[in-house]
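Enquirer: What follows is start.cif, mmCIF, C-alpha atoms and all ligand atoms.
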data_query
loop_
_atom_site.label_atom_id
_atom_site.label_comp_id
_atom_site.auth_asym_id
_atom_site.auth_seq_id
_atom_site.Cartn_x
_atom_site.Cartn_y
_atom_site.Cartn_z
CA MET A 1449 -11.42 0.76 -15.43
CA LEU A 1450 -11.80 -0.92 -12.05
CA ASP A 1451 -13.14 1.45 -9.39
CA THR A 1452 -13.64 0.25 -5.81
CA SER A 1453 -14.35 3.73 -4.40
CA GLU A 1454 -18.17 3.31 -4.32
CA GLU A 1455 -17.88 -0.03 -2.59
CA ASN A 1456 -15.47 1.43 -0.04
CA ARG A 1457 -17.89 4.24 0.78
CA ARG A 1458 -20.54 1.63 1.63
CA ARG A 1459 -18.29 -0.68 3.66
CA HIS A 1460 -17.92 1.33 6.87
CA ILE A 1461 -20.28 3.64 8.66
CA LEU A 1462 -17.90 6.23 10.07
CA ASP A 1463 -18.87 8.87 12.60
CA PRO A 1464 -17.78 12.13 10.93
CA ASN A 1465 -16.64 13.46 14.32
CA GLN A 1466 -14.54 10.44 15.24
CA PRO A 1467 -10.95 10.26 13.93
CA VAL A 1468 -9.85 6.90 12.50
CA TRP A 1469 -6.45 5.20 12.36
CA LEU A 1470 -5.36 4.22 8.86
CA PHE A 1471 -2.45 1.80 8.40
CA GLY A 1472 -0.33 2.43 5.28
CA TYR A 1473 2.24 -0.08 4.01
CA GLY A 1474 3.00 1.04 0.43
CA SER A 1475 2.95 4.49 -1.11
CA LEU A 1476 0.88 5.62 1.86
CA ILE A 1477 4.07 5.40 3.95
CA TYR A 1478 6.05 7.89 1.92
CA LYS A 1479 3.43 9.92 0.06
CA ALA A 1480 1.10 11.49 2.61
CA ASP A 1481 -0.80 13.81 0.25
CA PHE A 1482 -3.67 14.17 2.73
CA PRO A 1483 -4.18 15.93 6.06
CA PHE A 1484 -3.60 13.89 9.21
CA ILE A 1485 -3.81 14.59 12.93
CA GLU A 1486 -0.76 12.51 13.82
CA ARG A 1487 1.28 9.66 12.41
CA ARG A 1488 3.13 6.84 14.11
CA PRO A 1489 5.17 3.90 12.82
CA ALA A 1490 3.17 0.73 13.37
CA SER A 1491 2.95 -2.89 12.31
CA ILE A 1492 0.19 -5.39 11.69
CA HIS A 1493 0.52 -9.09 12.32
CA GLY A 1494 -0.46 -11.96 10.03
CA TRP A 1495 0.21 -10.07 6.80
CA ALA A 1496 3.07 -9.87 4.29
CA ARG A 1497 3.68 -7.04 1.79
CA ARG A 1498 3.88 -8.28 -1.82
CA PHE A 1499 4.31 -6.60 -5.23
CA TRP A 1500 1.41 -8.62 -6.58
CA GLN A 1501 -1.13 -5.92 -7.43
CA GLY A 1502 -1.40 -4.34 -10.87
CA SER A 1503 -1.38 -0.56 -11.19
CA HIS A 1504 -3.33 0.69 -14.20
CA ASP A 1505 -3.82 4.22 -12.92
CA HIS A 1506 -0.69 5.32 -11.01
CA ARG A 1507 2.50 3.41 -11.94
CA GLY A 1508 1.30 1.86 -15.17
CA THR A 1509 -1.44 2.23 -17.75
CA PRO A 1510 -4.50 0.12 -18.67
CA ASP A 1511 -2.43 -1.53 -21.45
CA ARG A 1512 0.78 -1.84 -19.48
CA PRO A 1513 -0.01 -2.10 -15.77
CA GLY A 1514 2.80 -1.62 -13.28
CA ARG A 1515 3.26 -3.58 -10.07
CA VAL A 1516 2.49 -2.17 -6.62
CA VAL A 1517 2.11 -3.68 -3.18
CA THR A 1518 -0.80 -5.35 -1.50
CA LEU A 1519 -0.98 -7.54 1.60
CA VAL A 1520 -1.35 -11.31 1.61
CA ALA A 1521 -2.24 -13.36 4.67
CA ALA A 1522 0.87 -14.92 6.25
CA ALA A 1523 0.34 -16.17 9.79
CA GLN A 1524 3.96 -15.84 10.94
CA SER A 1525 4.67 -12.48 9.34
CA SER A 1526 4.24 -8.95 10.42
CA CYS A 1527 4.25 -5.90 8.19
CA THR A 1528 5.72 -2.57 9.27
CA GLY A 1529 4.29 0.66 7.96
CA MET A 1530 2.95 4.04 9.02
CA ALA A 1531 -0.31 4.71 10.84
CA TYR A 1532 -2.14 7.99 10.37
CA ARG A 1533 -4.95 9.37 12.52
CA ILE A 1534 -7.30 11.06 10.10
CA THR A 1535 -10.77 12.54 10.04
CA PRO A 1536 -13.26 10.41 8.07
CA ASP A 1537 -13.73 13.04 5.33
CA VAL A 1538 -10.16 12.23 4.18
CA PHE A 1539 -11.43 8.87 2.88
CA ASP A 1540 -12.99 10.63 -0.14
CA HIS A 1541 -9.48 11.38 -1.37
CA LEU A 1542 -8.02 8.04 -0.24
CA ASP A 1543 -10.79 5.93 -1.80
CA HIS A 1544 -10.14 7.67 -5.10
CA ARG A 1545 -6.39 7.21 -4.82
CA GLU A 1546 -6.72 3.50 -3.93
CA LYS A 1547 -9.60 2.75 -6.33
CA ASN A 1548 -7.77 0.24 -8.54
CA GLY A 1549 -8.80 -2.83 -6.57
CA TYR A 1550 -8.17 -1.92 -2.94
CA LEU A 1551 -10.90 -2.41 -0.32
CA ARG A 1552 -10.88 -1.11 3.23
CA PHE A 1553 -10.58 -3.75 5.94
CA THR A 1554 -10.44 -3.36 9.71
CA THR A 1555 -7.19 -4.32 11.41
CA THR A 1556 -5.38 -4.11 14.72
CA MET A 1557 -2.12 -2.17 14.56
CA THR A 1558 0.68 -2.14 17.10
CA PHE A 1559 2.70 1.02 17.58
CA GLY A 1560 6.40 1.14 18.44
CA ASP A 1561 5.72 1.36 22.17
CA GLY A 1562 3.48 -1.74 22.11
CA GLU A 1563 0.24 0.22 22.34
CA GLN A 1564 -2.49 -1.06 20.00
CA ALA A 1565 -5.36 0.50 18.09
CA GLU A 1566 -8.09 -0.65 15.73
CA GLY A 1567 -8.18 0.99 12.35
CA LEU A 1568 -8.50 0.53 8.61
CA VAL A 1569 -6.13 -0.69 5.92
CA TYR A 1570 -6.52 -0.86 2.11
CA ILE A 1571 -5.95 -4.39 0.78
CA ALA A 1572 -6.24 -5.55 -2.84
CA THR A 1573 -7.37 -9.15 -2.48
CA GLU A 1574 -6.52 -11.83 -5.03
CA ASP A 1575 -10.05 -11.82 -6.48
CA ASN A 1576 -9.81 -8.21 -7.73
CA ALA A 1577 -9.55 -7.66 -11.48
CA ALA A 1578 -6.19 -5.85 -11.25
CA PHE A 1579 -4.46 -8.60 -9.22
CA LEU A 1580 -1.34 -9.90 -10.98
CA GLY A 1581 -0.20 -12.40 -8.37
CA GLN A 1582 3.04 -14.12 -7.57
CA ALA A 1583 6.13 -14.01 -9.78
CA GLU A 1584 9.88 -14.44 -9.29
CA GLU A 1585 11.37 -11.38 -7.59
CA GLN A 1586 13.76 -10.92 -10.51
CA ALA A 1587 10.84 -10.88 -12.95
CA ILE A 1588 8.98 -8.41 -10.73
CA ALA A 1589 12.05 -6.12 -10.78
CA ALA A 1590 12.21 -6.29 -14.59
CA HIS A 1591 8.47 -5.55 -14.81
CA ILE A 1592 8.85 -2.55 -12.47
CA ALA A 1593 11.87 -1.27 -14.43
CA ARG A 1594 9.84 -0.94 -17.64
CA SER A 1595 6.59 0.46 -16.16
CA GLU A 1596 5.37 3.98 -15.66
CA GLY A 1597 2.08 5.82 -15.32
CA PRO A 1598 0.44 9.13 -14.43
CA SER A 1599 1.97 9.16 -10.91
CA GLY A 1600 5.49 8.52 -12.18
CA SER A 1601 7.78 5.59 -12.75
CA ASN A 1602 7.19 2.27 -11.09
CA ARG A 1603 10.92 2.31 -10.28
CA ASP A 1604 10.44 5.40 -8.09
CA TYR A 1605 7.55 3.71 -6.27
CA LEU A 1606 9.81 0.77 -5.38
CA LEU A 1607 12.86 2.88 -4.48
CA HIS A 1608 10.85 5.32 -2.33
CA LEU A 1609 9.18 2.44 -0.54
CA ALA A 1610 12.49 0.68 0.13
CA GLU A 1611 14.00 3.93 1.42
CA ALA A 1612 11.00 4.58 3.67
CA LEU A 1613 11.20 1.03 5.06
CA ARG A 1614 14.88 1.50 5.84
CA SER A 1615 14.05 4.74 7.70
CA LEU A 1616 11.51 2.80 9.74
CA GLY A 1617 14.08 0.07 10.46
CA ALA A 1618 11.71 -2.43 8.87
CA GLU A 1619 12.78 -5.85 7.62
CA ASP A 1620 11.26 -6.84 4.30
CA ASP A 1621 13.17 -9.40 2.27
CA HIS A 1622 10.69 -9.29 -0.61
CA VAL A 1623 10.99 -5.52 -1.15
CA PHE A 1624 14.75 -5.36 -0.60
CA THR A 1625 15.39 -8.33 -2.90
CA ILE A 1626 13.36 -6.73 -5.69
CA GLU A 1627 15.22 -3.45 -5.09
CA ARG A 1628 18.58 -5.27 -5.39
CA HIS A 1629 17.52 -6.91 -8.66
CA LEU A 1630 16.25 -3.62 -10.05
CA LEU A 1631 19.46 -1.77 -9.22
CA SER A 1632 21.55 -4.47 -10.90
CA LEU A 1633 19.66 -4.22 -14.20
CA PRO A 1634 21.48 -2.54 -17.09
CA PRO A 1635 20.16 0.99 -17.85
CA ALA A 1636 17.22 0.90 -20.33
C1 LIG A 1701 -0.84 1.46 1.08
O1 LIG A 1701 0.15 2.17 0.83
O2 LIG A 1701 -1.21 1.24 2.26
C2 LIG A 1701 -1.64 0.85 -0.03
C3 LIG A 1701 -0.88 0.56 -1.28
C4 LIG A 1701 -0.36 1.76 -1.99
O3 LIG A 1701 -1.09 2.76 -2.15
O4 LIG A 1701 0.79 1.74 -2.43
#
Using the file provided, produce a representation of the structure as structure tokens.
Expert:
Amino acid sequence: MLDTSEENRRRHILDPNQPVWLFGYGSLIYKADFPFIERRPASIHGWARRFWQGSHDHRGTPDRPGRVVTLVAAAQSSCTGMAYRITPDVFDHLDHREKNGYLRFTTTMTFGDGEQAEGLVYIATEDNAAFLGQAEEQAIAAHIARSEGPSGSNRDYLLHLAEALRSLGAEDDHVFTIERHLLSLPPA
């Protein structure tokens, strides 16, 4: 199975004594299963959240991948999420968790009060082997409704994300449209 954790370890030379900001925009918003020093709602500009990445290890299986979010470049968009200040040793856990195609990139994040910081974000780019790409939002909802994996149902991933975005006061037509389609599907 795809495993980007080795590559991620090589991508950034981090000072073990220097905390790093990590921007989360998917499950990292609502599932903080790692220690952090502080967390603050934040957004990054020029990116849109999309359910275009396959999940073979968390919300699907190698034979029946689920759909999870990644970021795609979109000049006019901004993506709201949660920023965590973490010590670099936490990346061992995060690189493993995000190993199915995500690579760490540097980004500038803007906090609620307008303050900015440089940090890292996991993005699954369209050239990774688990990328599924664009589809109609209705089709994405149907795909999510029938998928599940070791971390639980793909439905819960979507619903928890939508709930977390509402708590942050974030606008995200793509996620909320897929949620609406999913909730209108007949029970399986
Ligand atoms: C993220 O949450 O920042 C990455 C995608 C995910 O793990 O759902």
Enquirer: Check the smallest atom-to-atom distance from each of A:Gly1494, A:Gly1472, A:Gly1581, A:Pro1598 to ligand LIG 1701 (chain A) using all atoms listed in the file, then report the winner.
Expert: A:Gly1472
Enquirer: For Leu1630 (chain A), which residue out of A:His1493, A:Arg1603, A:His1608, A:Arg1457 is the nearest one, using only C-alpha atoms?
Expert: A:Arg1603
Enquirer: Kindly compile the residues surrounding ligand LIG 1701 (chain A) within 6 Å, counting all atoms listed in the file, and format them as a compact mmCIF listing (two decimals) with C-alpha atoms, in the frame of the given file.
Expert:
# COMPACT_ATOMS: atom_id res chain seq x y z
CA GLY A 1472 -0.33 2.43 5.28
CA TYR A 1473 2.24 -0.08 4.01
CA GLY A 1474 3.00 1.04 0.43
CA SER A 1475 2.95 4.49 -1.11
CA LEU A 1476 0.88 5.62 1.86
CA ILE A 1477 4.07 5.40 3.95
CA VAL A 1516 2.49 -2.17 -6.62
CA VAL A 1517 2.11 -3.68 -3.18
CA THR A 1518 -0.80 -5.35 -1.50
CA GLU A 1546 -6.72 3.50 -3.93
CA TYR A 1570 -6.52 -0.86 2.11
Enquirer: So that I can check the surroundings of region 1463-1471 of chain A, please list as a PyMOL selection string every protein, DNA and RNA residue that reaches within 10 Å of it, counting all atoms listed in the file and ignoring chain neighbours fewer than 3 positions away.
Expert: chain A and resi 1460+1474+1476-1477+1484-1492+1528-1539+1552-1557+1565-1570
Enquirer: Would you save the residues from that selection as an mmCIF file, keeping the file's coordinate frame, using C-alpha atoms?
Expert:
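Below you can see again.cif, which holds the result:
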data_model
loop_
_atom_site.group_PDB
_atom_site.id
_atom_site.type_symbol
_atom_site.label_atom_id
_atom_site.label_comp_id
_atom_site.auth_asym_id
_atom_site.auth_seq_id
_atom_site.Cartn_x
_atom_site.Cartn_y
_atom_site.Cartn_z
ATOM 1 C CA HIS A 1460 -17.920 1.330 6.870
ATOM 2 C CA GLY A 1474 3.000 1.040 0.430
ATOM 3 C CA LEU A 1476 0.880 5.620 1.860
ATOM 4 C CA ILE A 1477 4.070 5.400 3.950
ATOM 5 C CA PHE A 1484 -3.600 13.890 9.210
ATOM 6 C CA ILE A 1485 -3.810 14.590 12.930
ATOM 7 C CA GLU A 1486 -0.760 12.510 13.820
ATOM 8 C CA ARG A 1487 1.280 9.660 12.410
ATOM 9 C CA ARG A 1488 3.130 6.840 14.110
ATOM 10 C CA PRO A 1489 5.170 3.900 12.820
ATOM 11 C CA ALA A 1490 3.170 0.730 13.370
ATOM 12 C CA SER A 1491 2.950 -2.890 12.310
ATOM 13 C CA ILE A 1492 0.190 -5.390 11.690
ATOM 14 C CA THR A 1528 5.720 -2.570 9.270
ATOM 15 C CA GLY A 1529 4.290 0.660 7.960
ATOM 16 C CA MET A 1530 2.950 4.040 9.020
ATOM 17 C CA ALA A 1531 -0.310 4.710 10.840
ATOM 18 C CA TYR A 1532 -2.140 7.990 10.370
ATOM 19 C CA ARG A 1533 -4.950 9.370 12.520
ATOM 20 C CA ILE A 1534 -7.300 11.060 10.100
ATOM 21 C CA THR A 1535 -10.770 12.540 10.040
ATOM 22 C CA PRO A 1536 -13.260 10.410 8.070
ATOM 23 C CA ASP A 1537 -13.730 13.040 5.330
ATOM 24 C CA VAL A 1538 -10.160 12.230 4.180
ATOM 25 C CA PHE A 1539 -11.430 8.870 2.880
ATOM 26 C CA ARG A 1552 -10.880 -1.110 3.230
ATOM 27 C CA PHE A 1553 -10.580 -3.750 5.940
ATOM 28 C CA THR A 1554 -10.440 -3.360 9.710
ATOM 29 C CA THR A 1555 -7.190 -4.320 11.410
ATOM 30 C CA THR A 1556 -5.380 -4.110 14.720
ATOM 31 C CA MET A 1557 -2.120 -2.170 14.560
ATOM 32 C CA ALA A 1565 -5.360 0.500 18.090
ATOM 33 C CA GLU A 1566 -8.090 -0.650 15.730
ATOM 34 C CA GLY A 1567 -8.180 0.990 12.350
ATOM 35 C CA LEU A 1568 -8.500 0.530 8.610
ATOM 36 C CA VAL A 1569 -6.130 -0.690 5.920
ATOM 37 C CA TYR A 1570 -6.520 -0.860 2.110
#
Enquirer: What's the separation between CA of Asp1561 (chain A) and CA of Ala1618 (chain A), in Å to one decimal place?
Expert: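 Distance reported for this atom pair: 15.1 Å.
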Enquirer: Fewer than 3 positions away in the same chain doesn't count, so skip those; otherwise give me all residues within 9 Å of Tyr1550 (chain A), counting only C-alpha atoms, as an MDAnalysis selection string.
Expert: chainID A and resid 1451:1453 1456 1518 1543 1546:1547 1570:1573 1576
Enquirer: What does the file look like for those residues with C-alpha atoms, as an mmCIF file, in the coordinates of the input?
Expert:
data_model
loop_
_atom_site.group_PDB
_atom_site.id
_atom_site.type_symbol
_atom_site.label_atom_id
_atom_site.label_comp_id
_atom_site.auth_asym_id
_atom_site.auth_seq_id
_atom_site.Cartn_x
_atom_site.Cartn_y
_atom_site.Cartn_z
ATOM 1 C CA ASP A 1451 -13.140 1.450 -9.390
ATOM 2 C CA THR A 1452 -13.640 0.250 -5.810
ATOM 3 C CA SER A 1453 -14.350 3.730 -4.400
ATOM 4 C CA ASN A 1456 -15.470 1.430 -0.040
ATOM 5 C CA THR A 1518 -0.800 -5.350 -1.500
ATOM 6 C CA ASP A 1543 -10.790 5.930 -1.800
ATOM 7 C CA GLU A 1546 -6.720 3.500 -3.930
ATOM 8 C CA LYS A 1547 -9.600 2.750 -6.330
ATOM 9 C CA TYR A 1570 -6.520 -0.860 2.110
ATOM 10 C CA ILE A 1571 -5.950 -4.390 0.780
ATOM 11 C CA ALA A 1572 -6.240 -5.550 -2.840
ATOM 12 C CA THR A 1573 -7.370 -9.150 -2.480
ATOM 13 C CA ASN A 1576 -9.810 -8.210 -7.730
#
